[in-house]
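Below is entry-v6.pdb, holding PDB, C-alpha atoms.
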```pdb
ATOM      1  CA  MET I   1     166.460 143.586  75.976
ATOM      2  CA  ARG I   2     163.672 145.620  77.485
ATOM      3  CA  VAL I   3     161.150 144.539  80.077
ATOM      4  CA  THR I   4     158.451 146.569  81.791
ATOM      5  CA  VAL I   5     157.836 146.609  85.543
ATOM      6  CA  LYS I   6     154.505 147.780  86.914
ATOM      7  CA  LEU I   7     154.422 149.301  90.387
ATOM      8  CA  PHE I   8     151.477 149.613  92.746
ATOM      9  CA  ALA I   9     150.453 151.187  96.021
ATOM     10  CA  LEU I  10     153.270 152.395  98.286
ATOM     11  CA  MET I  11     156.021 151.327  95.854
ATOM     12  CA  ARG I  12     154.336 153.273  93.054
ATOM     13  CA  GLU I  13     154.208 156.358  95.261
ATOM     14  CA  LYS I  14     157.820 155.990  96.433
ATOM     15  CA  ALA I  15     159.145 155.557  92.875
ATOM     16  CA  GLY I  16     156.916 158.373  91.583
ATOM     17  CA  THR I  17     155.792 156.284  88.598
ATOM     18  CA  ASP I  18     153.587 153.268  87.885
ATOM     19  CA  THR I  19     155.757 151.848  85.094
ATOM     20  CA  VAL I  20     159.512 151.369  84.809
ATOM     21  CA  VAL I  21     161.195 150.142  81.615
ATOM     22  CA  LEU I  22     164.440 148.251  82.255
ATOM     23  CA  ASP I  23     167.161 147.518  79.738
ATOM     24  CA  ILE I  24     168.749 144.250  80.892
ATOM     25  CA  PRO I  25     171.056 141.671  79.261
ATOM     26  CA  GLU I  26     169.521 139.017  76.994
ATOM     27  CA  GLY I  27     168.602 135.938  79.022
ATOM     28  CA  ALA I  28     168.539 137.782  82.344
ATOM     29  CA  ASN I  29     166.387 136.304  85.067
ATOM     30  CA  LEU I  30     163.924 137.948  87.391
ATOM     31  CA  ALA I  31     166.450 138.435  90.208
ATOM     32  CA  GLN I  32     168.752 140.299  87.821
ATOM     33  CA  ALA I  33     165.882 142.471  86.633
ATOM     34  CA  MET I  34     164.972 143.314  90.233
ATOM     35  CA  ALA I  35     168.588 144.249  90.960
ATOM     36  CA  ALA I  36     168.493 146.582  87.950
ATOM     37  CA  LEU I  37     165.222 148.078  89.188
ATOM     38  CA  VAL I  38     166.715 148.829  92.613
ATOM     39  CA  ARG I  39     169.746 150.449  90.955
ATOM     40  CA  HIS I  40     167.384 152.785  89.070
ATOM     41  CA  HIS I  41     165.080 153.337  92.054
ATOM     42  CA  PRO I  42     167.041 152.783  95.293
ATOM     43  CA  VAL I  43     164.019 154.060  97.208
ATOM     44  CA  LEU I  44     162.333 150.680  96.493
ATOM     45  CA  GLU I  45     165.057 148.604  98.137
ATOM     46  CA  PRO I  46     163.517 148.474 101.667
ATOM     47  CA  TYR I  47     160.295 146.952 100.278
ATOM     48  CA  MET I  48     161.770 144.254  98.025
ATOM     49  CA  ALA I  49     162.141 141.554 100.707
ATOM     50  CA  ASN I  50     158.363 141.452 101.300
ATOM     51  CA  THR I  51     157.382 141.831  97.665
ATOM     52  CA  ARG I  52     156.372 139.077  95.260
ATOM     53  CA  CYS I  53     156.739 139.341  91.531
ATOM     54  CA  ALA I  54     154.225 138.473  88.846
ATOM     55  CA  LEU I  55     154.928 137.705  85.199
ATOM     56  CA  GLN I  56     152.011 137.605  82.742
ATOM     57  CA  MET I  57     149.717 137.743  85.810
ATOM     58  CA  ASP I  58     151.133 134.757  87.713
ATOM     59  CA  PHE I  59     153.497 134.770  90.682
ATOM     60  CA  VAL I  60     156.991 133.634  89.662
ATOM     61  CA  ASP I  61     160.321 132.722  91.326
ATOM     62  CA  PRO I  62     163.495 134.853  91.173
ATOM     63  CA  GLU I  63     165.154 132.246  88.918
ATOM     64  CA  THR I  64     162.547 132.708  86.188
ATOM     65  CA  SER I  65     164.129 133.604  82.849
ATOM     66  CA  LEU I  66     162.782 136.684  81.151
ATOM     67  CA  ALA I  67     162.211 137.483  77.495
ATOM     68  CA  ALA I  68     162.189 140.786  75.668
ATOM     69  CA  GLY I  69     158.885 142.569  76.118
ATOM     70  CA  ASP I  70     157.903 140.776  79.326
ATOM     71  CA  GLU I  71     155.618 142.677  81.645
ATOM     72  CA  LEU I  72     156.462 142.210  85.303
ATOM     73  CA  ALA I  73     154.482 143.470  88.261
ATOM     74  CA  LEU I  74     155.710 143.976  91.800
ATOM     75  CA  ILE I  75     153.133 142.751  94.282
ATOM     76  CA  PRO I  76     153.744 144.065  97.803
ATOM     77  CA  PRO I  77     151.742 142.465 100.645
ATOM     78  CA  VAL I  78     148.118 142.589  99.527
ATOM     79  CA  SER I  79     145.361 144.119 101.641
ATOM     80  CA  GLY I  80     142.136 143.648  99.714
ATOM     81  CA  GLY I  81     138.782 142.640 101.096
ATOM     82  CA  VAL I  82     138.002 144.302 104.399
TER      83      VAL I  82
ATOM     84  CA  MET Q   1     131.367 136.240  87.858
ATOM     85  CA  PHE Q   2     134.741 137.387  89.122
ATOM     86  CA  THR Q   3     135.161 141.096  88.768
ATOM     87  CA  VAL Q   4     137.060 144.173  89.921
ATOM     88  CA  THR Q   5     135.088 147.368  89.443
ATOM     89  CA  THR Q   6     134.896 151.024  90.443
ATOM     90  CA  GLU Q   7     131.094 150.763  90.555
ATOM     91  CA  PRO Q   8     129.092 150.169  93.786
ATOM     92  CA  LEU Q   9     128.562 146.472  94.547
ATOM     93  CA  SER Q  10     125.200 144.730  94.830
ATOM     94  CA  VAL Q  11     124.804 141.800  97.213
ATOM     95  CA  GLN Q  12     121.465 140.974  95.591
ATOM     96  CA  GLN Q  13     122.993 140.845  92.108
ATOM     97  CA  LEU Q  14     125.620 138.292  93.142
ATOM     98  CA  ASN Q  15     123.066 136.321  95.144
ATOM     99  CA  ASP Q  16     120.755 136.069  92.119
ATOM    100  CA  LEU Q  17     123.658 135.138  89.877
ATOM    101  CA  VAL Q  18     124.749 132.036  91.794
ATOM    102  CA  LYS Q  19     121.368 130.582  92.832
ATOM    103  CA  ARG Q  20     120.045 127.451  91.120
ATOM    104  CA  PRO Q  21     116.865 125.444  91.783
ATOM    105  CA  THR Q  22     118.959 122.627  93.320
ATOM    106  CA  ASP Q  23     120.525 124.918  95.947
ATOM    107  CA  GLY Q  24     119.105 125.115  99.440
ATOM    108  CA  ALA Q  25     121.558 127.770 100.625
ATOM    109  CA  VAL Q  26     123.193 130.937  99.443
ATOM    110  CA  VAL Q  27     125.793 132.480 101.740
ATOM    111  CA  THR Q  28     126.904 136.010 100.939
ATOM    112  CA  PHE Q  29     129.752 137.913 102.532
ATOM    113  CA  ASP Q  30     129.457 141.692 102.413
ATOM    114  CA  GLY Q  31     132.750 143.337 103.366
ATOM    115  CA  ILE Q  32     132.191 146.959 104.349
ATOM    116  CA  VAL Q  33     134.389 149.951 105.069
ATOM    117  CA  ARG Q  34     134.918 150.396 108.814
ATOM    118  CA  ASN Q  35     135.088 153.831 110.454
ATOM    119  CA  ASN Q  36     138.304 153.100 112.358
ATOM    120  CA  PHE Q  37     141.655 151.323 112.226
ATOM    121  CA  ASP Q  38     142.508 149.986 115.700
ATOM    122  CA  GLY Q  39     140.381 152.768 117.147
ATOM    123  CA  ARG Q  40     141.842 155.571 114.998
ATOM    124  CA  PRO Q  41     139.005 157.320 113.127
ATOM    125  CA  VAL Q  42     139.008 156.669 109.365
ATOM    126  CA  GLU Q  43     137.380 159.117 106.972
ATOM    127  CA  TYR Q  44     137.478 157.030 103.792
ATOM    128  CA  LEU Q  45     139.506 154.355 101.975
ATOM    129  CA  GLU Q  46     141.053 153.974  98.579
ATOM    130  CA  TYR Q  47     141.586 150.564  97.015
ATOM    131  CA  GLU Q  48     144.074 150.078  94.202
ATOM    132  CA  ALA Q  49     144.371 146.883  92.164
ATOM    133  CA  TYR Q  50     146.364 145.237  89.439
ATOM    134  CA  ALA Q  51     142.901 144.733  88.037
ATOM    135  CA  ILE Q  52     143.541 142.241  85.244
ATOM    136  CA  MET Q  53     145.570 139.966  87.546
ATOM    137  CA  ALA Q  54     143.124 140.456  90.406
ATOM    138  CA  GLU Q  55     140.261 139.191  88.237
ATOM    139  CA  LYS Q  56     142.358 136.219  87.155
ATOM    140  CA  LYS Q  57     143.200 135.400  90.792
ATOM    141  CA  LEU Q  58     139.555 135.712  91.836
ATOM    142  CA  ALA Q  59     138.618 133.230  89.098
ATOM    143  CA  GLU Q  60     141.397 130.846  90.193
ATOM    144  CA  ILE Q  61     140.229 131.034  93.797
ATOM    145  CA  GLY Q  62     136.679 130.380  92.601
ATOM    146  CA  ALA Q  63     137.825 127.235  90.790
ATOM    147  CA  GLU Q  64     139.804 126.118  93.852
ATOM    148  CA  VAL Q  65     136.786 126.606  96.122
ATOM    149  CA  GLN Q  66     134.592 124.589  93.766
ATOM    150  CA  GLN Q  67     137.096 121.723  93.873
ATOM    151  CA  LYS Q  68     137.340 121.799  97.650
ATOM    152  CA  PHE Q  69     133.702 122.154  98.734
ATOM    153  CA  ALA Q  70     130.386 120.661  97.646
ATOM    154  CA  ILE Q  71     128.988 123.871  96.246
ATOM    155  CA  GLY Q  72     127.267 125.025  93.096
ATOM    156  CA  ALA Q  73     128.329 128.428  91.871
ATOM    157  CA  ILE Q  74     130.485 131.119  93.450
ATOM    158  CA  ALA Q  75     130.781 134.784  92.454
ATOM    159  CA  MET Q  76     133.128 137.455  93.790
ATOM    160  CA  ALA Q  77     133.301 141.186  93.148
ATOM    161  CA  HIS Q  78     135.867 143.618  94.552
ATOM    162  CA  ARG Q  79     135.371 147.352  94.361
ATOM    163  CA  ILE Q  80     138.324 149.732  93.902
ATOM    164  CA  GLY Q  81     138.772 153.494  93.997
ATOM    165  CA  ARG Q  82     137.487 155.740  96.780
ATOM    166  CA  LEU Q  83     135.024 154.123  99.202
ATOM    167  CA  GLU Q  84     133.161 155.829 102.026
ATOM    168  CA  ILE Q  85     132.386 154.402 105.461
ATOM    169  CA  GLY Q  86     129.657 151.758 105.214
ATOM    170  CA  GLU Q  87     130.140 151.013 101.510
ATOM    171  CA  SER Q  88     130.853 147.462 100.327
ATOM    172  CA  SER Q  89     134.426 146.745  99.264
ATOM    173  CA  ILE Q  90     133.931 143.061  98.467
ATOM    174  CA  VAL Q  91     130.977 140.757  97.982
ATOM    175  CA  ILE Q  92     131.244 136.969  97.812
ATOM    176  CA  ALA Q  93     128.220 134.782  97.089
ATOM    177  CA  VAL Q  94     128.273 130.987  97.317
ATOM    178  CA  ALA Q  95     125.347 128.738  96.479
ATOM    179  CA  ALA Q  96     125.201 125.102  97.569
ATOM    180  CA  PRO Q  97     122.672 122.322  98.025
ATOM    181  CA  HIS Q  98     123.334 122.431 101.810
ATOM    182  CA  ARG Q  99     124.315 125.239 104.171
ATOM    183  CA  HIS Q 100     127.521 123.911 105.750
ATOM    184  CA  ALA Q 101     129.426 123.774 102.469
ATOM    185  CA  ALA Q 102     128.236 127.265 101.557
ATOM    186  CA  PHE Q 103     129.341 128.772 104.902
ATOM    187  CA  GLU Q 104     132.741 127.070 104.814
ATOM    188  CA  ALA Q 105     133.403 127.839 101.155
ATOM    189  CA  CYS Q 106     132.551 131.521 101.615
ATOM    190  CA  ALA Q 107     134.914 131.912 104.596
ATOM    191  CA  TYR Q 108     137.677 130.018 102.796
ATOM    192  CA  ALA Q 109     137.301 132.136  99.649
ATOM    193  CA  MET Q 110     137.588 135.349 101.667
ATOM    194  CA  ASP Q 111     140.783 134.125 103.376
ATOM    195  CA  ARG Q 112     142.280 133.271  99.988
ATOM    196  CA  VAL Q 113     141.373 136.692  98.602
ATOM    197  CA  LYS Q 114     143.155 138.397 101.483
ATOM    198  CA  ALA Q 115     146.305 136.366 100.785
ATOM    199  CA  GLU Q 116     146.510 136.215  96.995
ATOM    200  CA  VAL Q 117     144.583 138.893  95.144
ATOM    201  CA  PRO Q 118     146.597 141.985  94.162
ATOM    202  CA  VAL Q 119     144.472 144.674  95.767
ATOM    203  CA  TRP Q 120     145.829 147.278  98.189
ATOM    204  CA  LYS Q 121     144.019 149.398 100.736
ATOM    205  CA  LYS Q 122     144.974 152.920 101.745
ATOM    206  CA  GLU Q 123     143.345 154.413 104.807
ATOM    207  CA  PHE Q 124     142.722 158.153 105.095
ATOM    208  CA  PHE Q 125     142.276 159.221 108.698
ATOM    209  CA  THR Q 126     140.110 162.074 109.946
ATOM    210  CA  ASP Q 127     143.260 163.849 111.224
ATOM    211  CA  GLY Q 128     144.556 164.146 107.637
ATOM    212  CA  ALA Q 129     147.161 161.360 107.803
ATOM    213  CA  ASP Q 130     147.072 158.311 105.534
ATOM    214  CA  HIS Q 131     148.777 154.943 105.205
ATOM    215  CA  TRP Q 132     148.928 151.842 103.064
ATOM    216  CA  VAL Q 133     147.837 148.778 105.028
ATOM    217  CA  ASN Q 134     150.471 146.034 105.513
ATOM    218  CA  GLN Q 135     153.255 148.033 103.871
ATOM    219  CA  ASN Q 136     156.287 149.988 105.224
TER     220      ASN Q 136
END
```
Take the structure in the file and write it out as structure tokens.
Amino acid sequence: MRVTVKLFALMREKAGTDTVVLDIPEGANLAQAMAALVRHHPVLEPYMANTRCALQMDFVDPETSLAAGDELALIPPVSGGV
Amino acid sequence: MFTVTTEPLSVQQLNDLVKRPTDGAVVTFDGIVRNNFDGRPVEYLEYEAYAIMAEKKLAEIGAEVQQKFAIGAIAMAHRIGRLEIGESSIVIAVAAPHRHAAFEACAYAMDRVKAEVPVWKKEFFTDGADHWVNQN
């Protein structure tokens, strides 16, 4: 199944793209999707430990099961405001 | 109103939006672009957001603040894109019957924004270097 991962800020620049489409096994969870992402873009690996993941605009745990068509977003430490 | 926009922010607009006849206080926070980062001269900033999630998070924080403090309305606007020194990056307005709740709620909302809202700041220094804040 395919899921989409949106990248922002430094991770977007390092990967050279703001969207990555992953083909992962049916029933895969978020942790498995992130492992697949790092295989495709090893340059992201150093940032993963400090990065949260959002699914349908809410923060989710690594155990979260994914469905085909899900849109994930990687949320590195935020720095909005001032 | 909870919004993420590339347009300049107006403190007065948010102030007018939250004020009701029963409120005796409106506290506004105007976050502005500083000309230095730990003393290193900054030329300008760029803010990037996951805008649709950022607006959702701002609204959730607004609801949380209303639960927690005795306030009336709250509005928050975050600007993204390129911002020059002295421009407003975020404006928060809180109206309440009494001042203490408005002060506390405004400070609390700003702390929550800095922790939870997917917005990222990149600083461009006058020497030509740049960096993403809180990353690496």
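Nearest to Pro76 in chain I of all the residues I:Gln32, I:Glu26, I:Lys6, I:Thr17 is I:Lys6, based on only C-alpha atoms.
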Report task. Report as a ChimeraX atom specification the residues that result from applying the ChimeraX specification (/I :<6) & /Q to the structure here. Result -> /Q:31,53,90,114,118-121
Residues selected by the PyMOL selection byres ((chain I and resi 64) around 9), written as a PDB file with C-alpha atoms, in the frame of the given file:
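Generated file (part26.pdb):
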```pdb
ATOM      1  CA  ALA I  28     168.539 137.782  82.344  1.00  0.00           C
ATOM      2  CA  ASN I  29     166.387 136.304  85.067  1.00  0.00           C
ATOM      3  CA  LEU I  30     163.924 137.948  87.391  1.00  0.00           C
ATOM      4  CA  ALA I  31     166.450 138.435  90.208  1.00  0.00           C
ATOM      5  CA  VAL I  60     156.991 133.634  89.662  1.00  0.00           C
ATOM      6  CA  ASP I  61     160.321 132.722  91.326  1.00  0.00           C
ATOM      7  CA  PRO I  62     163.495 134.853  91.173  1.00  0.00           C
ATOM      8  CA  GLU I  63     165.154 132.246  88.918  1.00  0.00           C
ATOM      9  CA  SER I  65     164.129 133.604  82.849  1.00  0.00           C
ATOM     10  CA  LEU I  66     162.782 136.684  81.151  1.00  0.00           C
TER      11      LEU I  66
END
```
Query raised in the report: Applied to the shown file, which residues does the PyMOL selection byres ((chain Q and resi 69) around 12) return, written as a VMD selection string?
Result: chain Q and resid 62 to 68 70 to 74 94 to 109
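With distances restricted to all atoms listed in the file, I:Glu13 is the closest residue to Lys122 in chain Q from I:Leu44, I:Ala35, I:Ala67, I:Glu13.
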Report task. Give me the residues within 10 Å of Ser10 in chain Q as a PyMOL selection string, counting all atoms listed in the file and dropping any in the same chain fewer than 5 places off. Result -> chain Q and resi 15+30+77+88+90-91
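Between CA of Phe125 in chain Q and CA of Lys14 in chain I lies a distance of 20.1 Å.
Across the structure, CA of Ala49 in chain Q and CA of Ile80 in chain Q are spaced 6.9 Å apart.
With distances restricted to only C-alpha atoms, I:Asp23 is the closest residue to Met1 in chain I from I:Asp23, I:Glu45, I:Asp18, I:Asp70.
One distance worth recording is that between CA of Glu7 in chain Q and CA of Gly81 in chain Q, which is 8.8 Å.
Of the residues under consideration (Q:Glu55, Q:Ile32, Q:Ala75, Q:Thr5), Q:Ala75 shows the shortest atom-to-atom contact distance to Leu17 in chain Q when counting all atoms listed in the file.
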Query raised in the report: Which residue out of Q:Gln13, Q:Asn35, Q:Thr126, Q:Gln135 has the minimum interatomic distance to Ile92 in chain Q when all atoms listed in the file are used?
Result: Q:Gln13
Report summary line: Across Q:Ile85, Q:Ala25, Q:Ala51, Q:Val11, the smallest distance to Phe37 in chain Q, with only C-alpha atoms counted, is shown by Q:Ile85
